[in-house]
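Text of model16.cif, listed as mmCIF, C-alpha atoms:
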data_work
#
loop_
_atom_site.label_atom_id
_atom_site.label_comp_id
_atom_site.auth_asym_id
_atom_site.auth_seq_id
_atom_site.Cartn_x
_atom_site.Cartn_y
_atom_site.Cartn_z
CA MET A 1 -64.31 -67.06 -113.53
CA PHE A 2 -65.53 -68.40 -116.88
CA SER A 3 -68.68 -67.06 -118.48
CA ILE A 4 -70.95 -69.58 -120.19
CA ASP A 5 -74.40 -68.79 -121.56
CA LEU A 6 -76.32 -72.05 -121.77
CA THR A 7 -79.03 -70.37 -123.84
CA SER A 8 -76.65 -68.97 -126.48
CA ARG A 9 -76.56 -70.25 -130.04
CA ILE A 10 -72.77 -70.32 -129.73
CA PRO A 11 -71.68 -73.86 -128.85
CA ILE A 12 -70.52 -74.17 -125.25
CA TYR A 13 -67.07 -75.44 -126.20
CA GLU A 14 -66.58 -72.30 -128.35
CA GLN A 15 -67.68 -70.11 -125.44
CA ILE A 16 -65.13 -71.83 -123.17
CA TYR A 17 -62.45 -71.48 -125.83
CA SER A 18 -63.18 -67.77 -126.38
CA SER A 19 -63.39 -67.08 -122.67
CA ILE A 20 -59.96 -68.55 -122.03
CA VAL A 21 -58.42 -66.75 -125.02
CA ASP A 22 -59.93 -63.46 -123.81
CA MET A 23 -58.54 -64.03 -120.32
CA VAL A 24 -55.06 -64.66 -121.74
CA ILE A 25 -55.22 -61.57 -123.94
CA SER A 26 -56.40 -59.41 -121.03
CA GLY A 27 -53.70 -60.78 -118.70
CA THR A 28 -56.15 -62.46 -116.33
CA LEU A 29 -54.45 -65.75 -117.18
CA ASN A 30 -50.69 -65.79 -117.62
CA GLU A 31 -48.05 -68.16 -118.90
CA ASN A 32 -47.93 -71.40 -116.89
CA ASP A 33 -51.15 -70.66 -114.97
CA GLN A 34 -53.00 -73.91 -114.41
CA LEU A 35 -56.53 -74.31 -115.73
CA PRO A 36 -59.15 -76.23 -113.78
CA SER A 37 -59.28 -79.93 -114.56
CA VAL A 38 -61.82 -80.96 -117.18
CA ARG A 39 -63.98 -82.64 -114.55
CA SER A 40 -63.76 -79.74 -112.12
CA PHE A 41 -64.56 -77.18 -114.81
CA ALA A 42 -67.49 -79.26 -116.09
CA LYS A 43 -68.92 -79.73 -112.61
CA ASP A 44 -68.63 -76.03 -111.71
CA ALA A 45 -70.11 -74.91 -115.03
CA GLY A 46 -72.80 -77.59 -115.13
CA VAL A 47 -71.72 -78.88 -118.54
CA ASN A 48 -70.62 -82.21 -119.94
CA PRO A 49 -66.92 -83.02 -119.39
CA ASN A 50 -66.63 -83.91 -123.09
CA THR A 51 -67.55 -80.32 -123.93
CA VAL A 52 -64.78 -78.94 -121.75
CA ALA A 53 -62.34 -81.53 -123.14
CA LYS A 54 -63.18 -80.42 -126.68
CA ALA A 55 -62.47 -76.77 -125.81
CA TYR A 56 -59.18 -77.73 -124.15
CA GLN A 57 -58.21 -79.83 -127.19
CA GLU A 58 -58.85 -76.86 -129.50
CA LEU A 59 -56.88 -74.56 -127.21
CA GLU A 60 -53.96 -76.98 -127.19
CA ARG A 61 -54.13 -77.50 -130.95
CA ASN A 62 -53.87 -73.72 -131.41
CA GLY A 63 -50.97 -73.35 -129.00
CA ILE A 64 -52.90 -71.46 -126.33
CA ILE A 65 -52.48 -74.15 -123.66
CA TYR A 66 -50.32 -77.20 -123.10
CA SER A 67 -51.00 -80.28 -121.03
CA VAL A 68 -48.75 -82.27 -118.74
CA PRO A 69 -49.89 -85.86 -118.23
CA GLY A 70 -50.98 -86.39 -114.65
CA ARG A 71 -50.69 -82.67 -113.80
CA GLY A 72 -53.24 -80.86 -115.97
CA SER A 73 -53.50 -78.07 -118.52
CA PHE A 74 -51.56 -74.82 -118.40
CA ILE A 75 -51.40 -71.56 -120.30
CA ALA A 76 -48.67 -71.77 -122.94
CA LYS A 77 -46.07 -69.15 -123.64
CA THR A 78 -48.15 -66.86 -125.74
CA ASP A 79 -46.96 -65.40 -128.94
CA ASN A 80 -48.91 -63.33 -131.36
CA ALA A 81 -49.00 -66.14 -133.93
CA ALA A 82 -51.30 -68.28 -131.77
CA PHE A 83 -53.73 -65.42 -131.33
CA VAL A 84 -53.59 -64.47 -135.00
CA SER A 85 -54.36 -68.08 -135.90
CA ALA A 86 -57.30 -68.13 -133.47
CA ALA A 87 -58.55 -64.78 -134.80
CA TRP A 88 -58.44 -66.05 -138.38
CA ALA A 89 -60.37 -69.17 -137.40
CA ASP A 90 -63.03 -67.03 -135.69
CA PHE A 91 -63.13 -64.67 -138.68
CA ASP A 92 -63.51 -67.53 -141.17
CA ASN A 93 -66.36 -69.02 -139.13
CA ALA A 94 -68.11 -65.65 -138.89
CA VAL A 95 -67.77 -64.99 -142.63
CA CYS A 96 -69.11 -68.45 -143.53
CA ASP A 97 -72.00 -67.96 -141.11
CA GLY A 98 -72.69 -64.54 -142.63
CA PHE A 99 -72.82 -65.99 -146.14
CA LYS A 100 -75.24 -68.68 -144.96
CA ARG A 101 -77.47 -65.96 -143.52
CA GLY A 102 -77.47 -63.96 -146.73
CA ILE A 103 -75.00 -61.20 -145.90
CA SER A 104 -73.35 -59.99 -149.09
CA PRO A 105 -69.58 -59.68 -149.54
CA ASP A 106 -70.03 -55.92 -150.00
CA ASP A 107 -71.90 -55.62 -146.69
CA MET A 108 -69.15 -57.61 -144.98
CA LYS A 109 -66.47 -55.38 -146.47
CA ASN A 110 -68.35 -52.28 -145.34
CA ARG A 111 -68.62 -53.73 -141.84
CA ILE A 112 -64.89 -54.47 -141.76
CA ASP A 113 -64.15 -50.92 -142.95
CA THR A 114 -66.41 -49.51 -140.20
CA LEU A 115 -64.77 -51.62 -137.50
CA HIS A 116 -61.32 -50.74 -138.77
CA GLY A 117 -62.25 -47.07 -138.55
CA LYS A 118 -63.42 -47.49 -134.95
CA GLU A 119 -60.15 -49.22 -134.02
CA ASN A 120 -58.20 -46.32 -135.51
CA GLY A 121 -60.27 -43.67 -133.74
CA LYS A 122 -62.21 -42.57 -136.81
#
Could you express the structure from this file as structure tokens?
Amino acid sequence: MFSIDLTSRIPIYEQIYSSIVDMVISGTLNENDQLPSVRSFAKDAGVNPNTVAKAYQELERNGIIYSVPGRGSFIAKTDNAAFVSAAWADFDNAVCDGFKRGISPDDMKNRIDTLHGKENGK
């Protein structure tokens, strides 16, 4: 159900976070659907439970999931604001990473313009 690449440079908790967000956006996970417990997820994925807990904490902090003590974690009522917030966080991280790797602001702007054109069928 969840795709994790243990050889990726992307931290595992970020992969879990992104995977769940993608599944909500695509409609694979819906409001009030229950997520696997942290321990269950960690065991099935072969990762540390603390890694899964960190992803769940980030998801809850961004309003993507909510937790009920003693019952587990569930998909929250999704509104565009939560996804916009998550998208901005991803964008900010990507831009900072790009700067660290020597990508110029002009190259980033050109890339954004190219992607915007693709989204608009250009």
Subject >> Test item: residues at most 10 Å from range 66-71 of chain A, all atoms listed in the file, excluding those fewer than 6 positions along its chain, as a count of residues only >> reply: 9
Subject >> Which residue of A:Phe2, A:Phe83, A:Phe74, A:Tyr17 approaches Glu31 in chain A most closely, using all atoms listed in the file >> reply: A:Phe74
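Evaluated against the shown file, the PyMOL selection byres ((chain A and resi 86-100) around 10) gives Glu14, Tyr17, Ser18, Val21, Glu58, Leu59, Asn62, Gly63, Ile64, Asn80, Ala81, Ala82, Phe83, Val84, Ser85, Arg101, Gly102, Ile103, Ser104, Pro105, Asp107 and Met108 of chain A.
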**OP:** May I ask for the distance between CA of Ser3 in chain A and CA of Ala55 in chain A, given in Å to one decimal place?
**Re:**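 Atom-to-atom, CA of Ser3 in chain A and CA of Ala55 in chain A are spaced 13.7 Å apart.
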**OP:** Mind checking which residues fall within 12 Å of Ile16 in chain A, counting all atoms listed in the file, ignoring those fewer than 3 positions away in the same chain, and posting them as JSON, numbers by chain?
**Re:** {"A": [1, 2, 3, 4, 5, 6, 10, 11, 12, 13, 19, 20, 21, 22, 23, 35, 36, 38, 41, 42, 45, 47, 49, 51, 52, 53, 54, 55, 56, 57, 58, 59]}
With C-alpha atoms retained, could you export that selection as a PDB file, in the coordinates of the input?
ATOM      1  CA  MET A   1     -64.310 -67.060-113.530  1.00  0.00           C
ATOM      2  CA  PHE A   2     -65.530 -68.400-116.880  1.00  0.00           C
ATOM      3  CA  SER A   3     -68.680 -67.060-118.480  1.00  0.00           C
ATOM      4  CA  ILE A   4     -70.950 -69.580-120.190  1.00  0.00           C
ATOM      5  CA  ASP A   5     -74.400 -68.790-121.560  1.00  0.00           C
ATOM      6  CA  LEU A   6     -76.320 -72.050-121.770  1.00  0.00           C
ATOM      7  CA  ILE A  10     -72.770 -70.320-129.730  1.00  0.00           C
ATOM      8  CA  PRO A  11     -71.680 -73.860-128.850  1.00  0.00           C
ATOM      9  CA  ILE A  12     -70.520 -74.170-125.250  1.00  0.00           C
ATOM     10  CA  TYR A  13     -67.070 -75.440-126.200  1.00  0.00           C
ATOM     11  CA  SER A  19     -63.390 -67.080-122.670  1.00  0.00           C
ATOM     12  CA  ILE A  20     -59.960 -68.550-122.030  1.00  0.00           C
ATOM     13  CA  VAL A  21     -58.420 -66.750-125.020  1.00  0.00           C
ATOM     14  CA  ASP A  22     -59.930 -63.460-123.810  1.00  0.00           C
ATOM     15  CA  MET A  23     -58.540 -64.030-120.320  1.00  0.00           C
ATOM     16  CA  LEU A  35     -56.530 -74.310-115.730  1.00  0.00           C
ATOM     17  CA  PRO A  36     -59.150 -76.230-113.780  1.00  0.00           C
ATOM     18  CA  VAL A  38     -61.820 -80.960-117.180  1.00  0.00           C
ATOM     19  CA  PHE A  41     -64.560 -77.180-114.810  1.00  0.00           C
ATOM     20  CA  ALA A  42     -67.490 -79.260-116.090  1.00  0.00           C
ATOM     21  CA  ALA A  45     -70.110 -74.910-115.030  1.00  0.00           C
ATOM     22  CA  VAL A  47     -71.720 -78.880-118.540  1.00  0.00           C
ATOM     23  CA  PRO A  49     -66.920 -83.020-119.390  1.00  0.00           C
ATOM     24  CA  THR A  51     -67.550 -80.320-123.930  1.00  0.00           C
ATOM     25  CA  VAL A  52     -64.780 -78.940-121.750  1.00  0.00           C
ATOM     26  CA  ALA A  53     -62.340 -81.530-123.140  1.00  0.00           C
ATOM     27  CA  LYS A  54     -63.180 -80.420-126.680  1.00  0.00           C
ATOM     28  CA  ALA A  55     -62.470 -76.770-125.810  1.00  0.00           C
ATOM     29  CA  TYR A  56     -59.180 -77.730-124.150  1.00  0.00           C
ATOM     30  CA  GLN A  57     -58.210 -79.830-127.190  1.00  0.00           C
ATOM     31  CA  GLU A  58     -58.850 -76.860-129.500  1.00  0.00           C
ATOM     32  CA  LEU A  59     -56.880 -74.560-127.210  1.00  0.00           C
TER      33      LEU A  59
END
**OP:** Would you mind reading off the distance between CA of Asp33 in chain A and CA of Asp79 in chain A, one decimal, in Å?
**Re:** 15.5 Å
Enclose range 20-24 of chain A, meaning all of its atoms listed in the file, in a box aligned along x, y and z, pad it by 8 Å on each side, and list the centre and edge lengths in Å to one decimal, as lines of an AutoDock Vina configuration file.
center_x = -57.5
center_y = -66.0
center_z = -122.7
size_x = 20.9
size_y = 21.1
size_z = 20.7
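Note that the spacing between CA of Lys43 in chain A and CA of Ser26 in chain A amounts to 25.3 Å.
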Original post:
From the set A:His116, A:Ala76, A:Gly27, A:Arg111, which residue has the shortest atom-to-atom contact distance to Arg61 in chain A, counting all atoms listed in the file?
Top reply: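 Checking each candidate against Arg61 in chain A, we get A:Ala76 as the closest.
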